[in-house]
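Peer 1: My structure is stored as coords_9.cif, with mmCIF, C-alpha atoms.
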data_entry
loop_
_atom_site.label_atom_id
_atom_site.label_comp_id
_atom_site.auth_asym_id
_atom_site.auth_seq_id
_atom_site.Cartn_x
_atom_site.Cartn_y
_atom_site.Cartn_z
CA MET V 30 -24.14 -24.51 89.76
CA SER V 31 -26.06 -24.63 93.00
CA PRO V 32 -24.14 -25.36 96.24
CA PHE V 33 -27.26 -27.05 97.67
CA THR V 34 -27.10 -30.83 97.55
CA GLY V 35 -29.27 -33.78 98.42
CA SER V 36 -28.19 -36.81 100.39
CA ALA V 37 -25.36 -37.90 98.10
CA ALA V 38 -21.95 -37.85 99.76
CA ARG V 39 -18.81 -36.42 98.18
CA THR V 40 -16.99 -38.92 95.99
CA SER V 41 -13.57 -39.73 97.45
CA ASP V 42 -12.32 -42.15 94.79
CA TRP V 43 -12.76 -41.62 91.05
CA GLN V 44 -12.28 -44.85 89.13
CA HIS V 45 -11.48 -43.33 85.74
CA LEU V 46 -9.62 -40.15 86.70
CA ARG V 47 -6.82 -39.00 88.96
CA VAL V 48 -7.86 -35.95 90.96
CA GLU V 49 -5.62 -33.72 93.09
CA LEU V 50 -6.49 -30.48 94.86
CA THR V 51 -3.79 -28.11 96.09
CA ASP V 52 -4.25 -24.48 97.15
CA GLY V 53 -7.44 -24.05 95.15
CA VAL V 54 -6.09 -25.72 91.99
CA ALA V 55 -7.69 -29.00 90.96
CA THR V 56 -5.67 -31.17 88.59
CA VAL V 57 -7.75 -33.78 86.79
CA THR V 58 -5.67 -36.30 84.85
CA LEU V 59 -6.99 -38.74 82.28
CA ALA V 60 -5.03 -41.80 83.30
CA ARG V 61 -5.19 -44.55 80.68
CA PRO V 62 -1.80 -43.97 79.06
CA GLU V 63 -1.72 -47.43 77.48
CA LYS V 64 -4.83 -46.39 75.49
CA LEU V 65 -3.76 -42.77 74.88
CA ASN V 66 -6.33 -41.86 77.55
CA ALA V 67 -9.25 -43.02 75.40
CA LEU V 68 -12.57 -42.28 77.09
CA THR V 69 -14.96 -44.99 78.25
CA PHE V 70 -18.60 -44.71 79.31
CA GLY V 71 -17.38 -44.49 82.90
CA ALA V 72 -14.80 -41.80 82.14
CA TYR V 73 -17.43 -39.56 80.54
CA ALA V 74 -19.74 -40.05 83.52
CA ASP V 75 -16.94 -39.41 86.02
CA LEU V 76 -15.97 -36.14 84.31
CA ARG V 77 -19.59 -34.99 84.32
CA ASP V 78 -20.12 -35.86 87.97
CA LEU V 79 -16.72 -34.60 89.15
CA LEU V 80 -17.25 -31.15 87.64
CA ALA V 81 -20.66 -30.94 89.30
CA GLU V 82 -19.18 -31.85 92.70
CA LEU V 83 -16.27 -29.42 92.42
CA SER V 84 -18.64 -26.65 91.36
CA ARG V 85 -20.80 -27.15 94.44
CA GLU V 86 -17.93 -27.30 96.91
CA ARG V 87 -16.52 -23.83 96.11
CA ALA V 88 -13.02 -25.01 97.07
CA VAL V 89 -11.72 -24.96 93.50
CA ARG V 90 -10.59 -21.69 91.96
CA ALA V 91 -8.99 -23.14 88.81
CA LEU V 92 -8.82 -26.57 87.18
CA VAL V 93 -6.19 -28.16 84.96
CA LEU V 94 -7.29 -31.00 82.70
CA ALA V 95 -4.30 -33.11 81.60
CA GLY V 96 -3.49 -36.46 80.05
CA GLU V 97 -0.96 -39.00 81.28
CA GLY V 98 1.65 -40.51 78.97
CA ARG V 99 2.21 -39.79 75.28
CA GLY V 100 -0.90 -37.73 74.59
CA PHE V 101 -3.80 -35.73 75.97
CA CYS V 102 -6.75 -37.87 74.84
CA SER V 103 -7.38 -39.96 71.74
CA GLY V 104 -11.17 -39.66 72.02
CA GLY V 105 -13.76 -42.34 72.67
CA ASP V 106 -12.44 -45.86 73.09
CA VAL V 107 -13.07 -47.68 69.81
CA ASP V 108 -13.32 -51.12 71.40
CA GLU V 109 -15.41 -50.17 74.44
CA ILE V 110 -17.70 -47.52 72.94
CA ILE V 111 -18.13 -47.95 69.20
CA GLY V 112 -18.68 -51.69 69.49
CA ALA V 113 -21.22 -51.19 72.26
CA THR V 114 -23.11 -48.39 70.51
CA LEU V 115 -23.67 -50.59 67.45
CA ALA V 116 -25.87 -52.77 69.66
CA MET V 117 -27.89 -49.86 71.12
CA ASP V 118 -31.31 -48.69 70.01
CA THR V 119 -32.05 -45.04 69.25
CA ALA V 120 -33.21 -44.20 72.78
CA GLN V 121 -30.02 -45.62 74.30
CA LEU V 122 -27.87 -43.81 71.75
CA LEU V 123 -29.63 -40.56 72.55
CA ASP V 124 -28.93 -41.07 76.26
CA PHE V 125 -25.25 -41.69 75.52
CA ASN V 126 -24.85 -38.68 73.26
CA ARG V 127 -26.63 -36.45 75.73
CA MET V 128 -24.24 -37.64 78.45
CA THR V 129 -21.15 -36.74 76.42
CA GLY V 130 -22.67 -33.32 75.75
CA GLN V 131 -23.30 -32.88 79.46
CA VAL V 132 -19.54 -33.15 80.02
CA VAL V 133 -18.95 -30.20 77.69
CA ARG V 134 -21.73 -28.20 79.35
CA ALA V 135 -20.15 -28.92 82.73
CA VAL V 136 -16.79 -27.61 81.52
CA ARG V 137 -18.39 -24.45 80.14
CA GLU V 138 -20.72 -23.84 83.09
CA CYS V 139 -18.49 -24.64 86.08
CA PRO V 140 -17.72 -21.44 88.05
CA PHE V 141 -13.92 -21.61 87.70
CA PRO V 142 -11.50 -21.39 84.77
CA VAL V 143 -10.57 -24.68 83.11
CA ILE V 144 -7.15 -25.05 81.48
CA ALA V 145 -6.45 -27.92 79.09
CA ALA V 146 -2.78 -28.92 79.16
CA VAL V 147 -2.28 -30.54 75.76
CA HIS V 148 0.64 -32.59 74.51
CA GLY V 149 0.52 -35.15 71.76
CA VAL V 150 -2.85 -36.12 70.36
CA ALA V 151 -6.16 -34.48 71.23
CA ALA V 152 -8.55 -36.31 68.92
CA GLY V 153 -12.30 -36.74 68.65
CA ALA V 154 -13.89 -36.22 72.04
CA GLY V 155 -10.43 -35.31 73.38
CA ALA V 156 -10.27 -32.40 70.94
CA VAL V 157 -13.74 -31.23 72.04
CA LEU V 158 -12.77 -31.43 75.72
CA ALA V 159 -9.78 -29.18 75.02
CA LEU V 160 -11.99 -26.89 72.92
CA ALA V 161 -14.49 -26.52 75.78
CA ALA V 162 -11.78 -25.37 78.20
CA ASP V 163 -11.27 -21.66 78.82
CA PHE V 164 -7.56 -21.91 78.00
CA ARG V 165 -5.63 -24.41 75.88
CA VAL V 166 -1.94 -24.54 76.82
CA ALA V 167 -0.04 -26.79 74.44
CA ASP V 168 3.50 -27.80 73.55
CA PRO V 169 4.83 -28.27 69.98
CA SER V 170 3.89 -31.96 69.94
CA ALA V 171 0.18 -31.13 70.24
CA ARG V 172 -2.16 -31.96 67.39
CA PHE V 173 -5.93 -31.59 67.30
CA ALA V 174 -8.21 -33.72 65.14
CA PHE V 175 -12.00 -33.63 65.08
CA LEU V 176 -12.41 -37.12 63.63
CA PHE V 177 -16.18 -37.61 63.75
CA THR V 178 -16.87 -37.58 59.99
CA ARG V 179 -14.10 -40.15 59.53
CA VAL V 180 -16.20 -42.70 61.41
CA GLY V 181 -19.34 -41.74 59.49
CA LEU V 182 -20.80 -39.35 62.05
CA SER V 183 -21.54 -35.62 62.10
CA GLY V 184 -18.65 -33.31 62.84
CA GLY V 185 -20.99 -31.44 65.18
CA ASP V 186 -20.48 -33.76 68.14
CA MET V 187 -20.61 -32.71 71.82
CA GLY V 188 -21.17 -29.07 70.87
CA ALA V 189 -18.20 -28.84 68.51
CA ALA V 190 -20.22 -27.13 65.77
CA TYR V 191 -21.28 -24.49 68.31
CA LEU V 192 -17.95 -23.89 70.02
CA LEU V 193 -15.35 -24.24 67.28
CA PRO V 194 -16.60 -21.48 64.93
CA ARG V 195 -16.73 -19.13 67.91
CA VAL V 196 -13.09 -19.88 68.76
CA ILE V 197 -11.45 -20.00 65.31
CA GLY V 198 -14.09 -18.73 62.88
CA LEU V 199 -16.53 -20.49 60.56
CA GLY V 200 -14.08 -21.09 57.70
CA HIS V 201 -11.44 -22.88 59.76
CA ALA V 202 -14.12 -24.72 61.77
CA THR V 203 -15.78 -26.00 58.59
CA ARG V 204 -12.47 -27.38 57.35
CA LEU V 205 -11.59 -29.09 60.65
CA LEU V 206 -15.04 -30.53 61.34
CA MET V 207 -15.82 -31.55 57.75
CA LEU V 208 -12.51 -33.11 56.76
CA GLY V 209 -11.34 -34.35 60.15
CA GLU V 210 -7.73 -33.57 59.27
CA PRO V 211 -5.25 -33.02 62.12
CA VAL V 212 -4.01 -29.53 62.85
CA ARG V 213 -0.59 -29.33 64.45
CA ALA V 214 0.51 -26.90 67.13
CA PRO V 215 1.96 -24.09 64.94
CA GLU V 216 -1.20 -23.83 62.83
CA ALA V 217 -3.45 -24.32 65.85
CA GLU V 218 -1.78 -21.33 67.48
CA ARG V 219 -2.07 -19.27 64.29
CA ILE V 220 -5.82 -19.82 63.96
CA GLY V 221 -6.49 -19.24 67.66
CA LEU V 222 -7.14 -22.79 68.83
CA ILE V 223 -4.16 -22.66 71.23
CA SER V 224 -4.09 -19.99 73.93
CA GLU V 225 -0.40 -20.48 74.81
CA LEU V 226 2.26 -22.45 72.94
CA THR V 227 5.04 -23.63 75.25
CA ASP V 228 8.44 -25.20 74.76
CA GLU V 229 8.57 -28.96 74.24
CA GLY V 230 7.34 -30.88 77.27
CA GLN V 231 6.33 -27.74 79.19
CA ALA V 232 2.55 -27.70 78.68
CA ASP V 233 1.72 -29.22 82.09
CA GLU V 234 4.06 -26.87 83.94
CA ALA V 235 2.76 -23.80 82.10
CA ALA V 236 -0.84 -24.85 82.70
CA GLN V 237 -0.15 -25.23 86.42
CA ALA V 238 1.47 -21.77 86.52
CA LEU V 239 -1.57 -20.23 84.84
CA ALA V 240 -3.89 -22.12 87.20
CA ARG V 241 -2.01 -20.80 90.25
CA ARG V 242 -2.21 -17.27 88.89
CA LEU V 243 -5.96 -17.62 88.42
CA ALA V 244 -6.43 -19.29 91.80
CA GLU V 245 -4.73 -16.36 93.50
CA GLY V 246 -6.89 -13.81 91.71
CA PRO V 247 -10.46 -12.48 92.15
CA ALA V 248 -12.36 -15.76 91.81
CA LEU V 249 -15.84 -14.22 91.69
CA ALA V 250 -14.80 -11.81 88.95
CA TYR V 251 -13.37 -14.70 86.93
CA ALA V 252 -16.50 -16.79 87.46
CA GLN V 253 -18.76 -13.99 86.29
CA THR V 254 -16.54 -13.24 83.30
CA LYS V 255 -16.73 -16.90 82.24
CA ALA V 256 -20.50 -16.95 82.72
CA LEU V 257 -20.93 -13.81 80.61
CA LEU V 258 -18.68 -15.08 77.83
CA THR V 259 -20.84 -18.18 77.54
CA ALA V 260 -24.23 -16.51 78.01
CA GLU V 261 -23.60 -13.63 75.62
CA LEU V 262 -22.52 -15.76 72.64
CA ASP V 263 -26.10 -15.71 71.36
CA MET V 264 -27.40 -12.45 72.83
CA PRO V 265 -28.13 -9.22 70.99
CA LEU V 266 -25.96 -6.27 72.01
CA ALA V 267 -28.66 -4.54 74.06
CA ALA V 268 -29.30 -7.66 76.17
CA SER V 269 -25.55 -8.17 76.63
CA ILE V 270 -25.03 -4.62 77.83
CA GLU V 271 -27.91 -4.95 80.29
CA LEU V 272 -26.52 -8.23 81.64
CA ASP V 273 -23.06 -6.64 81.95
CA ALA V 274 -24.56 -3.72 83.87
CA SER V 275 -26.42 -5.98 86.30
CA THR V 276 -23.34 -8.12 86.89
CA GLN V 277 -21.09 -5.12 87.51
CA ALA V 278 -23.59 -3.60 89.94
CA LEU V 279 -23.54 -6.80 91.99
CA LEU V 280 -19.73 -7.07 91.93
CA MET V 281 -19.32 -3.41 92.85
CA ASN V 282 -21.19 -4.24 96.05
CA GLY V 283 -18.77 -7.09 96.81
CA ASP V 284 -15.79 -7.41 99.13
CA ASP V 285 -13.20 -7.77 96.37
CA TYR V 286 -14.09 -4.45 94.76
CA ALA V 287 -13.73 -2.68 98.11
CA GLU V 288 -10.50 -4.57 98.78
CA PHE V 289 -9.00 -3.37 95.49
CA HIS V 290 -9.70 0.24 96.45
CA ALA V 291 -8.21 -0.22 99.91
CA ALA V 292 -5.13 -1.94 98.49
CA PHE V 293 -4.69 0.80 95.89
CA LYS V 294 -4.79 3.52 98.54
CA GLU V 295 -2.40 1.60 100.79
CA LYS V 296 -0.04 0.77 97.90
CA ARG V 297 -0.16 -3.01 98.46
CA PRO V 298 -1.38 -6.03 96.47
CA PRO V 299 -5.06 -6.86 96.94
CA LYS V 300 -6.00 -9.81 99.14
CA TRP V 301 -8.75 -11.35 97.05
CA GLN V 302 -11.50 -13.21 98.91
CA GLY V 303 -13.63 -14.34 95.98
CA ARG V 304 -16.73 -12.57 97.23
#
In structure tokens, how does this file's structure come out?
Peer 2:
Amino acid sequence: MSPFTGSAARTSDWQHLRVELTDGVATVTLARPEKLNALTFGAYADLRDLLAELSRERAVRALVLAGEGRGFCSGGDVDEIIGATLAMDTAQLLDFNRMTGQVVRAVRECPFPVIAAVHGVAAGAGAVLALAADFRVADPSARFAFLFTRVGLSGGDMGAAYLLPRVIGLGHATRLLMLGEPVRAPEAERIGLISELTDEGQADEAAQALARRLAEGPALAYAQTKALLTAELDMPLAASIELDASTQALLMNGDDYAEFHAAFKEKRPPKWQGR
């Protein structure tokens, strides 16, 4: 994302999210615990806009996405969204669905690692948000459910049909997206949907520890690795190798690469600058 902005000022107060930034780690908490953090129109828009702002500012080196209360996120709010969409025409519905997809694109395209800290339910759009993250750290209470067919819609919502087969394979993705059945933490770890399974109640703490580790590391190398992982999903091998070569040539001319060599010779840890 470009660091060049227009006249819009930085947002200091997010109505639908709680945002904290400490030592390069942003923690974004879905904070509607009484509704299992169900997403509203405003929450989707805030997530989209927040990720764009954080990407431009370059102050964030890792982001933790968490949910307050008994679960991560129960998906779109049935009362506020489904009822409203029934009254929309096709053009309005297309605008809404494009907006929800823009949130997933923002998660995938932001230049820092995103870690979903999952406990309890991650359902519908909540499951896709966790899926879009670079890491999913979950405790044994976590359960994922892609519920879209159960409300009469396509299981391929918000990029789920693109991302899920690439994470867990086509067979498992077909089952989860077609049937909408929940998958609990032990199976989710077995099929590769969970990056790290923690002890009970430890997902947030483990996600923060991973975020600090990433924030202290070579940020530019992480950003380029994330960009290549996303870009090369649909590339032929020859194009991927050429893109890898170009990226490495640029990074080899950077400060962090030189710093690693200096630190190695001096037998000390590198002091990463992210450039």
Peer 1: Let me make sure I understand: among V:Leu160, V:Phe293, V:Met187, V:Ser170, which one has the smallest atom-to-atom distance to Gly221 of chain V if we use all atoms listed in the file?
Peer 2: V:Leu160
Peer 1: If the PyMOL selection byres ((chain V and resi 40) around 12) were run on this exact file, what residues would it hold? Put them as a CSV table (one decimal) with C-alpha atoms, in the coordinates of the input.
Peer 2:
chain,number,residue,atom,x,y,z
V,37,ALA,CA,-25.4,-37.9,98.1
V,38,ALA,CA,-22.0,-37.8,99.8
V,39,ARG,CA,-18.8,-36.4,98.2
V,41,SER,CA,-13.6,-39.7,97.4
V,42,ASP,CA,-12.3,-42.2,94.8
V,43,TRP,CA,-12.8,-41.6,91.0
V,44,GLN,CA,-12.3,-44.8,89.1
V,46,LEU,CA,-9.6,-40.2,86.7
V,48,VAL,CA,-7.9,-36.0,91.0
V,75,ASP,CA,-16.9,-39.4,86.0
V,78,ASP,CA,-20.1,-35.9,88.0
V,79,LEU,CA,-16.7,-34.6,89.2
V,80,LEU,CA,-17.2,-31.2,87.6
V,81,ALA,CA,-20.7,-30.9,89.3
V,82,GLU,CA,-19.2,-31.8,92.7
V,83,LEU,CA,-16.3,-29.4,92.4
V,86,GLU,CA,-17.9,-27.3,96.9
Peer 1: Counting all atoms listed in the file, find the residues whose atoms lie at most 10 Å from (-20.2, -29.6, 79.8) (file coordinates) and write them out as a ChimeraX atom specification.
Peer 2: /V:76-77,80-81,128-139,158,161-162,187-188
Peer 1: Return the single residue from V:Gly112, V:Gly149, V:Pro142, V:Pro298 that is closest to Leu239 of chain V, with distances computed using all atoms listed in the file.
Peer 2: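 Selected residue with least distance to Leu239 of chain V: V:Pro142.
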Peer 1: Considering all atoms listed in the file, state which residue in the set V:Lys294, V:His148, V:Arg179, V:His45 is at the smallest distance from Thr227 of chain V.
Peer 2: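 The answer is V:His148, which sits nearest to Thr227 of chain V.
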Peer 1: In terms of the shortest atom-to-atom distance over only C-alpha atoms, which of V:Ala248, V:Leu208, V:Ala113, V:Ala189 is closest to Phe70 of chain V?
Peer 2: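 Looking at the shortest contact to Phe70 of chain V, the residue is V:Ala113.
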Peer 1: Written as a ChimeraX atom specification, what is the full residue list that the PyMOL selection byres ((chain V and resi 153) around 12) yields on the file shown?
Peer 2: /V:66-68,101-107,129,150-152,154-160,172-180,182-189,205-206,209-211
Peer 1: What is the atom CA of Gly283 of chain V to atom CA of Lys300 of chain V distance in Å?
Peer 2: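 Taking atom CA of Gly283 of chain V as the start and atom CA of Lys300 of chain V as the end point, the length is 13.3 Å.
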Peer 1: Between atom CA of Glu97 of chain V and atom CA of Glu109 of chain V, what distance in Å does the model show, to one decimal?
Peer 2: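 Going from atom CA of Glu97 of chain V over to atom CA of Glu109 of chain V, I get 19.5 Å.
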Peer 1: Which residue is closest to Asp168 of chain V? Choose from V:Val143, V:Ala202, V:Ala217, V:Met207 and count all atoms listed in the file.
Peer 2: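 Using all atoms listed in the file, the shortest distance to Asp168 of chain V belongs to V:Ala217.
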Peer 1: So which one's closest to Gln231 of chain V, V:Pro169, V:Pro247, V:Pro194, V:Pro215? Using only C-alpha atoms, please.
Peer 2: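 Of V:Pro169, V:Pro247, V:Pro194, V:Pro215, the one nearest Gln231 of chain V, counting only C-alpha atoms, is V:Pro169.
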Peer 1: Per residue of segment 233-256 of chain V within 8 Å of segment 49-63 of chain V, note the shortest atom pair and the distance in Å to one decimal, counting only C-alpha atoms, and order the rows by chain and increasing residue number, as CSV.
Peer 2:
residue,atom,partner,partner_atom,distance
V:Ala240,CA,V:Val54,CA,6.4
V:Arg241,CA,V:Val54,CA,6.6
V:Ala244,CA,V:Gly53,CA,5.9
